[in-house]
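Notes to accompany the following structure.
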Amino acid sequence: MARPSSFSSCMVIFTLAFLAIFTSHSSAQLSTNFYSKSCPKVFGAVKSVVQSAVSKERRMGASLVRLFFHDCFVKGCDGSILLEDTSSFTGEQTARPNNNSVRGYNVVAKIKSQVEKVCPGIVSCADIVAIAARDSTVILGGPFWDVKLGRRDSKTASLSAANSGVIPPPTSTLSNLINRFNSKGLSVKDMVALSGSHTIGQARCTSFRARIYNETNIDSSFANTRQKKCPFPGPKGDNNLAPLDVQTPTAFDNNYYKNLISQKGLLHSDQVLFNGGSTDSLVRTYSRNPKTFSSDFVTAMIKMGDIDPLTGSQGEIRKICSKPN
């Protein structure tokens with residue numbers, strides 16, 4: 001009769017051990033009050049720099065949101081994208097999705113400098129990126145949320161991982177978008193809501209040239225307008241910019257989804273969200289109900305911030321965000 005009892009005891013021990021292992025590699029150690037005692041002034045320090053940067057250039061708000069996305073999708077939200085190349089190390093900044101595209105590194109460096117003044121050696125660069133993305137969203141008119149914190153900084157970065165396709169290119173199909181986000185634990189709803197960050201920011205001609213000249217699911221006058229500053233073929237005009245949201249390019253709202261319904265999505269990967277597929281209904285919902293969009297966007301941003309963080313004694317707290325200690 002002793003065997004079932006000992007078996008169940010072993011199962012309990014195994015289960016607890018498994019849970020201990022699992023939680024040590026999850027977001028369980030992230031919390032919204034992580035710095036409440038060690039660095040209560042962190043939020044003010046971050047916001048002041050972000051506010052200054054966005055007031056000088058509204059586009060920077062979108063760039064800081066995108067920086068968070070590109071960091072989290074490559075080996076987790078660990079600040080690895082911030083590491084600059086050296087003679088003996090090649091990081092992620094020159095990877096195809098990031099090179100001459102991702103911006104805001106200088107703003108993060110300024111934030112880190114301010115934060116170090118109020119509480120040196122406490123706040124990670126990875127957390128700074130997360131807070132800056134939230135502040136940028138709010139400053140441009142979007143929703144507020146409490147950011148989960150406690151991430152630590154990676155000591156290295158991976159060019160190959162950044163080039164592996166985990167960050168969906170602007171030519172992505174709907175199935176590719178769904179699969180890429182799903183591989184990071186993000187649902188279809190999360191993907192469509194996060195795509196709504198394209199209500200702000202701009203894209204280079206090279207990323208939408210094929211769409212405005214070759215695709216048929218596009219408003220003709222919209223395509224003609226975009227073609228004026230994006231000549232075919234390249235490379236002339238490659239770096240010319242166009243707003244991702246043609247209506248309110250520097251305001252965080254739900255016009256992005258209204259544009260998709262009008263076939264005015266700038267990128268191929270935007271318009272595939274409303275093109276007779278499984279995500280059409282979500283686009284319609286968000287176009288009609290900004291509160292639903294804001295709520296789902298917040299949920300998705302928090303989930304994205306939970307992707308494979310380094311916590312506890314993992315990684316480090318960098319003194320300078322662009323290089324390991």
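Chains: A, B, ... in order of the structure tokens. Residues: from 1 per chain. Ligands: from 1, in order shown.
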
Need the shell around Asp78 of chain A: protein/DNA/RNA residues with any atom at most 9 Å away, counting only C-alpha atoms. Skip same-chain ones fewer than 3 positions apart. Format as a list in words?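 My list of contacting residues is Asp71, Cys72, Val74, Lys75, Ile81, Ser124, Cys125, Ala126, Asp127, Arg151, Arg152, Asp153, Ser154, Asp308, Pro309, Leu310 and Gly315 of chain A.
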
Hey, can you spit out that residue selection with N, CA, C and O atoms as a PDB file, in the first residue's frame?
ATOM      1  N   ASP A  71      13.865  44.555 -30.070  1.00  0.00           N
ATOM      2  CA  ASP A  71      14.660  43.953 -28.999  1.00  0.00           C
ATOM      3  C   ASP A  71      14.011  42.653 -28.530  1.00  0.00           C
ATOM      4  O   ASP A  71      14.668  41.611 -28.455  1.00  0.00           O
ATOM      5  N   CYS A  72      12.730  42.710 -28.229  1.00  0.00           N
ATOM      6  CA  CYS A  72      12.036  41.553 -27.644  1.00  0.00           C
ATOM      7  C   CYS A  72      11.968  40.348 -28.577  1.00  0.00           C
ATOM      8  O   CYS A  72      12.029  39.203 -28.114  1.00  0.00           O
ATOM      9  N   VAL A  74      14.087  39.235 -30.702  1.00  0.00           N
ATOM     10  CA  VAL A  74      15.356  38.522 -30.893  1.00  0.00           C
ATOM     11  C   VAL A  74      15.907  38.123 -29.527  1.00  0.00           C
ATOM     12  O   VAL A  74      16.422  38.941 -28.788  1.00  0.00           O
ATOM     13  N   LYS A  75      15.718  36.869 -29.174  1.00  0.00           N
ATOM     14  CA  LYS A  75      16.221  36.312 -27.907  1.00  0.00           C
ATOM     15  C   LYS A  75      15.689  37.010 -26.677  1.00  0.00           C
ATOM     16  O   LYS A  75      16.332  37.049 -25.629  1.00  0.00           O
ATOM     17  N   ILE A  81      19.810  44.538 -28.495  1.00  0.00           N
ATOM     18  CA  ILE A  81      19.848  45.358 -29.712  1.00  0.00           C
ATOM     19  C   ILE A  81      20.662  46.632 -29.501  1.00  0.00           C
ATOM     20  O   ILE A  81      21.144  47.246 -30.469  1.00  0.00           O
ATOM     21  N   SER A 124      18.146  48.446 -15.469  1.00  0.00           N
ATOM     22  CA  SER A 124      18.700  47.861 -16.691  1.00  0.00           C
ATOM     23  C   SER A 124      18.319  48.666 -17.923  1.00  0.00           C
ATOM     24  O   SER A 124      17.305  49.377 -17.948  1.00  0.00           O
ATOM     25  N   CYS A 125      19.113  48.527 -18.951  1.00  0.00           N
ATOM     26  CA  CYS A 125      18.806  49.146 -20.248  1.00  0.00           C
ATOM     27  C   CYS A 125      17.571  48.507 -20.863  1.00  0.00           C
ATOM     28  O   CYS A 125      16.778  49.180 -21.527  1.00  0.00           O
ATOM     29  N   ALA A 126      17.393  47.210 -20.641  1.00  0.00           N
ATOM     30  CA  ALA A 126      16.216  46.504 -21.156  1.00  0.00           C
ATOM     31  C   ALA A 126      14.942  47.102 -20.577  1.00  0.00           C
ATOM     32  O   ALA A 126      13.940  47.291 -21.295  1.00  0.00           O
ATOM     33  N   ASP A 127      14.945  47.419 -19.293  1.00  0.00           N
ATOM     34  CA  ASP A 127      13.777  48.045 -18.669  1.00  0.00           C
ATOM     35  C   ASP A 127      13.577  49.469 -19.162  1.00  0.00           C
ATOM     36  O   ASP A 127      12.442  49.932 -19.326  1.00  0.00           O
ATOM     37  N   ARG A 151      13.790  43.218 -15.685  1.00  0.00           N
ATOM     38  CA  ARG A 151      14.651  42.584 -16.689  1.00  0.00           C
ATOM     39  C   ARG A 151      16.107  42.955 -16.417  1.00  0.00           C
ATOM     40  O   ARG A 151      16.397  44.037 -15.928  1.00  0.00           O
ATOM     41  N   ARG A 152      16.992  42.058 -16.800  1.00  0.00           N
ATOM     42  CA  ARG A 152      18.422  42.366 -16.752  1.00  0.00           C
ATOM     43  C   ARG A 152      18.974  42.380 -18.169  1.00  0.00           C
ATOM     44  O   ARG A 152      18.315  41.906 -19.104  1.00  0.00           O
ATOM     45  N   ASP A 153      20.145  42.944 -18.329  1.00  0.00           N
ATOM     46  CA  ASP A 153      20.730  43.130 -19.657  1.00  0.00           C
ATOM     47  C   ASP A 153      21.568  41.929 -20.070  1.00  0.00           C
ATOM     48  O   ASP A 153      22.309  41.372 -19.264  1.00  0.00           O
ATOM     49  N   SER A 154      21.472  41.581 -21.347  1.00  0.00           N
ATOM     50  CA  SER A 154      22.311  40.512 -21.883  1.00  0.00           C
ATOM     51  C   SER A 154      23.757  40.995 -21.956  1.00  0.00           C
ATOM     52  O   SER A 154      24.027  42.197 -22.034  1.00  0.00           O
ATOM     53  N   ASP A 308      10.886  36.041 -22.754  1.00  0.00           N
ATOM     54  CA  ASP A 308      12.222  35.560 -22.352  1.00  0.00           C
ATOM     55  C   ASP A 308      13.124  36.601 -21.684  1.00  0.00           C
ATOM     56  O   ASP A 308      14.263  36.809 -22.122  1.00  0.00           O
ATOM     57  N   PRO A 309      12.665  37.247 -20.620  1.00  0.00           N
ATOM     58  CA  PRO A 309      13.558  38.196 -19.963  1.00  0.00           C
ATOM     59  C   PRO A 309      14.652  37.486 -19.161  1.00  0.00           C
ATOM     60  O   PRO A 309      14.467  36.355 -18.714  1.00  0.00           O
ATOM     61  N   LEU A 310      15.766  38.149 -19.005  1.00  0.00           N
ATOM     62  CA  LEU A 310      16.792  37.700 -18.063  1.00  0.00           C
ATOM     63  C   LEU A 310      16.428  38.294 -16.697  1.00  0.00           C
ATOM     64  O   LEU A 310      16.157  39.492 -16.597  1.00  0.00           O
ATOM     65  N   GLY A 315      22.433  37.617 -16.651  1.00  0.00           N
ATOM     66  CA  GLY A 315      22.839  38.862 -17.300  1.00  0.00           C
ATOM     67  C   GLY A 315      23.507  39.821 -16.333  1.00  0.00           C
ATOM     68  O   GLY A 315      24.190  39.409 -15.404  1.00  0.00           O
TER      69      GLY A 315
END

Could you list, as a PDB file with all heavy atoms, in the first residue's frame, every residue within 9 Å of Asn163 of chain A, counting only C-alpha atoms and ignoring same-chain residues fewer than 4 positions away?
ATOM      1  N   GLU A  92      23.511  43.181 -33.202  1.00  0.00           N
ATOM      2  CA  GLU A  92      22.277  43.088 -33.989  1.00  0.00           C
ATOM      3  C   GLU A  92      21.966  44.347 -34.790  1.00  0.00           C
ATOM      4  O   GLU A  92      21.071  44.337 -35.635  1.00  0.00           O
ATOM      5  CB  GLU A  92      21.103  42.788 -33.044  1.00  0.00           C
ATOM      6  CG  GLU A  92      21.230  41.462 -32.324  1.00  0.00           C
ATOM      7  CD  GLU A  92      20.268  41.321 -31.143  1.00  0.00           C
ATOM      8  OE1 GLU A  92      19.298  42.110 -31.063  1.00  0.00           O
ATOM      9  OE2 GLU A  92      20.490  40.442 -30.293  1.00  0.00           O
ATOM     10  N   ALA A  95      21.930  44.007 -38.551  1.00  0.00           N
ATOM     11  CA  ALA A  95      21.086  42.952 -39.130  1.00  0.00           C
ATOM     12  C   ALA A  95      20.102  43.578 -40.113  1.00  0.00           C
ATOM     13  O   ALA A  95      19.757  44.759 -40.007  1.00  0.00           O
ATOM     14  CB  ALA A  95      20.337  42.215 -38.025  1.00  0.00           C
ATOM     15  N   ARG A  96      19.648  42.781 -41.067  1.00  0.00           N
ATOM     16  CA  ARG A  96      18.771  43.299 -42.131  1.00  0.00           C
ATOM     17  C   ARG A  96      17.558  44.067 -41.606  1.00  0.00           C
ATOM     18  O   ARG A  96      17.235  45.139 -42.124  1.00  0.00           O
ATOM     19  CB  ARG A  96      18.330  42.147 -43.047  1.00  0.00           C
ATOM     20  CG  ARG A  96      19.414  41.682 -44.012  1.00  0.00           C
ATOM     21  CD  ARG A  96      18.883  40.657 -45.003  1.00  0.00           C
ATOM     22  NE  ARG A  96      18.408  39.444 -44.346  1.00  0.00           N
ATOM     23  CZ  ARG A  96      19.188  38.416 -44.009  1.00  0.00           C
ATOM     24  NH1 ARG A  96      20.482  38.460 -44.251  1.00  0.00           N
ATOM     25  NH2 ARG A  96      18.674  37.342 -43.422  1.00  0.00           N
ATOM     26  N   PRO A  97      16.844  43.569 -40.595  1.00  0.00           N
ATOM     27  CA  PRO A  97      15.659  44.311 -40.139  1.00  0.00           C
ATOM     28  C   PRO A  97      15.992  45.610 -39.399  1.00  0.00           C
ATOM     29  O   PRO A  97      15.117  46.462 -39.236  1.00  0.00           O
ATOM     30  CB  PRO A  97      14.971  43.326 -39.182  1.00  0.00           C
ATOM     31  CG  PRO A  97      15.597  42.002 -39.429  1.00  0.00           C
ATOM     32  CD  PRO A  97      16.983  42.287 -39.894  1.00  0.00           C
ATOM     33  N   SER A 158      23.051  38.687 -30.914  1.00  0.00           N
ATOM     34  CA  SER A 158      23.163  37.693 -31.983  1.00  0.00           C
ATOM     35  C   SER A 158      22.738  38.252 -33.328  1.00  0.00           C
ATOM     36  O   SER A 158      21.540  38.438 -33.582  1.00  0.00           O
ATOM     37  CB  SER A 158      22.320  36.458 -31.648  1.00  0.00           C
ATOM     38  OG  SER A 158      22.345  35.539 -32.720  1.00  0.00           O
ATOM     39  N   LEU A 159      23.722  38.520 -34.182  1.00  0.00           N
ATOM     40  CA  LEU A 159      23.428  38.972 -35.545  1.00  0.00           C
ATOM     41  C   LEU A 159      22.646  37.907 -36.296  1.00  0.00           C
ATOM     42  O   LEU A 159      21.676  38.208 -37.000  1.00  0.00           O
ATOM     43  CB  LEU A 159      24.737  39.291 -36.281  1.00  0.00           C
ATOM     44  CG  LEU A 159      24.595  39.723 -37.744  1.00  0.00           C
ATOM     45  CD1 LEU A 159      23.941  41.088 -37.850  1.00  0.00           C
ATOM     46  CD2 LEU A 159      25.965  39.746 -38.433  1.00  0.00           C
ATOM     47  N   ILE A 167      11.941  38.630 -36.941  1.00  0.00           N
ATOM     48  CA  ILE A 167      11.281  39.926 -37.109  1.00  0.00           C
ATOM     49  C   ILE A 167      10.638  39.932 -38.497  1.00  0.00           C
ATOM     50  O   ILE A 167      11.338  39.876 -39.505  1.00  0.00           O
ATOM     51  CB  ILE A 167      12.283  41.080 -36.982  1.00  0.00           C
ATOM     52  CG1 ILE A 167      12.935  41.066 -35.591  1.00  0.00           C
ATOM     53  CG2 ILE A 167      11.600  42.421 -37.242  1.00  0.00           C
ATOM     54  CD1 ILE A 167      14.086  42.026 -35.440  1.00  0.00           C
TER      55      ILE A 167
END

Which residues of segment 108-225 of chain A come within 6 Å of segment 31-47 of chain A, and what is each one's closest atom pair and distance in Å (one decimal), counting only C-alpha atoms, sorted by chain and residue number, as CSV?
residue,atom,partner,partner_atom,distance
A:Ile111,CA,A:Val46,CA,5.5
A:Gln114,CA,A:Ala45,CA,6.0
A:Val115,CA,A:Ala45,CA,5.7
A:Cys119,CA,A:Cys39,CA,5.9
A:Val147,CA,A:Thr32,CA,5.6
A:Lys148,CA,A:Thr32,CA,4.2
A:Leu149,CA,A:Ser31,CA,5.2
A:Gly150,CA,A:Phe34,CA,5.9

Margin query: Could you check the closest approach to Val108 of chain A for each of A:Phe68, A:Tyr286, A:Phe232, A:Tyr213 and tell me which residue wins, using only C-alpha atoms?
Written below: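 Going through A:Phe68, A:Tyr286, A:Phe232, A:Tyr213 one by one, the smallest distance to Val108 of chain A is for A:Phe68.
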
As a check of understanding: the span from atom CA of Leu267 of chain A to atom CA of Val188 of chain A is 18.4 Å

Q. Among segment 154-287 of chain A, which ones does DSSP place in alpha helix (DSSP H), written as a VMD selection string?
A. chain A and resid 159 to 162 174 to 182 188 to 195 205 to 214 220 to 227 255 to 261 268 to 271 280 to 287

- Query: If you measure from atom CA of Pro290 of chain A to atom CA of Phe69 of chain A, what distance in Å do you get, rounded to one decimal?
  - Reply: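 Interatomic distance here is 21.8 Å.
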
Can you build me a table of segment 104-221 of chain A residues sitting at most 8 Å from segment 298-303 of chain A, with the closest atom pair per residue and its distance in Å to one decimal, using only C-alpha atoms, sorted by chain and residue number, as a Markdown table?
| residue | atom | partner | partner_atom | distance |
| --- | --- | --- | --- | --- |
| A:Pro143 | CA | A:Val298 | CA | 7.2 |
| A:Phe144 | CA | A:Val298 | CA | 7.7 |
| A:Trp145 | CA | A:Val298 | CA | 6.5 |
| A:Val147 | CA | A:Ile302 | CA | 7.1 |
| A:Lys148 | CA | A:Ile302 | CA | 7.3 |
| A:Leu186 | CA | A:Lys303 | CA | 7.2 |
| A:Asp190 | CA | A:Ala300 | CA | 4.9 |
| A:Met191 | CA | A:Ala300 | CA | 7.7 |
| A:Ala193 | CA | A:Ala300 | CA | 7.0 |
| A:Leu194 | CA | A:Ala300 | CA | 6.5 |

Given the selection you just returned, output its residues as a file containing N, CA, C and O atoms, formatted as an mmCIF file, in the first residue's frame.
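Below you can see part.cif, which holds the result:
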data_model
loop_
_atom_site.group_PDB
_atom_site.id
_atom_site.type_symbol
_atom_site.label_atom_id
_atom_site.label_comp_id
_atom_site.auth_asym_id
_atom_site.auth_seq_id
_atom_site.Cartn_x
_atom_site.Cartn_y
_atom_site.Cartn_z
ATOM 1 N N PRO A 143 -2.689 54.828 -25.023
ATOM 2 C CA PRO A 143 -3.050 54.408 -23.665
ATOM 3 C C PRO A 143 -1.850 54.280 -22.735
ATOM 4 O O PRO A 143 -0.723 54.055 -23.169
ATOM 5 N N PHE A 144 -2.138 54.400 -21.440
ATOM 6 C CA PHE A 144 -1.140 54.195 -20.397
ATOM 7 C C PHE A 144 -1.258 52.774 -19.860
ATOM 8 O O PHE A 144 -2.339 52.200 -19.821
ATOM 9 N N TRP A 145 -0.140 52.191 -19.460
ATOM 10 C CA TRP A 145 -0.173 50.934 -18.718
ATOM 11 C C TRP A 145 1.003 50.889 -17.756
ATOM 12 O O TRP A 145 1.996 51.593 -17.934
ATOM 13 N N VAL A 147 4.146 49.261 -16.518
ATOM 14 C CA VAL A 147 5.153 48.413 -17.161
ATOM 15 C C VAL A 147 5.724 47.423 -16.146
ATOM 16 O O VAL A 147 6.154 47.822 -15.056
ATOM 17 N N LYS A 148 5.716 46.160 -16.497
ATOM 18 C CA LYS A 148 6.374 45.153 -15.661
ATOM 19 C C LYS A 148 7.885 45.287 -15.834
ATOM 20 O O LYS A 148 8.378 45.419 -16.960
ATOM 21 N N LEU A 186 2.560 35.047 -28.819
ATOM 22 C CA LEU A 186 1.587 36.102 -29.069
ATOM 23 C C LEU A 186 0.500 35.603 -30.018
ATOM 24 O O LEU A 186 0.792 34.981 -31.032
ATOM 25 N N ASP A 190 -3.180 39.594 -30.557
ATOM 26 C CA ASP A 190 -2.001 40.379 -30.152
ATOM 27 C C ASP A 190 -1.300 40.964 -31.372
ATOM 28 O O ASP A 190 -0.896 42.134 -31.369
ATOM 29 N N MET A 191 -1.139 40.133 -32.401
ATOM 30 C CA MET A 191 -0.433 40.566 -33.607
ATOM 31 C C MET A 191 -1.159 41.733 -34.284
ATOM 32 O O MET A 191 -0.534 42.740 -34.667
ATOM 33 N N ALA A 193 -3.319 43.803 -32.929
ATOM 34 C CA ALA A 193 -3.288 44.971 -32.044
ATOM 35 C C ALA A 193 -1.921 45.650 -32.068
ATOM 36 O O ALA A 193 -1.832 46.883 -32.146
ATOM 37 N N LEU A 194 -0.850 44.855 -32.012
ATOM 38 C CA LEU A 194 0.495 45.434 -32.052
ATOM 39 C C LEU A 194 0.783 46.104 -33.391
ATOM 40 O O LEU A 194 1.500 47.108 -33.446
#

Expressed in Å, the length from atom CA of Lys155 of chain A to atom CA of Gly121 of chain A is 15.2 Å

**Message:** Which of segment 136-257 of chain A end up as strand (DSSP E) when DSSP is run on this backbone - answer as a list in words?
**Reply:** Gln202, Ala203, Arg204, Leu241, Ala242 and Pro243 of chain A

What's the 10 Å shell around segment 176-178 of chain A, counting only C-alpha atoms, without same-chain residues fewer than 2 positions away, as a PyMOL selection string? chain A and resi 165-174+180-183+186-192+269+272-273+279

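Taking only C-alpha atoms, the non-local environment of Cys230 of chain A within 7 Å (same-chain residues fewer than 4 positions away omitted) comprises Cys205, Arg209, Arg226, Gly237 and Asn240 of chain A.
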
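Remark: for Gly142 of chain A, the closest of the candidate residues A:Asn254, A:Asn289, A:Ser63, A:Ser281 is A:Asn254 (distances computed over only C-alpha atoms).
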
For Arg134 of chain A, which of A:Gln271, A:Asn224, A:Ser197, A:Thr94 is the closest residue, counting only C-alpha atoms?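 Nearest to Arg134 of chain A: A:Ser197.
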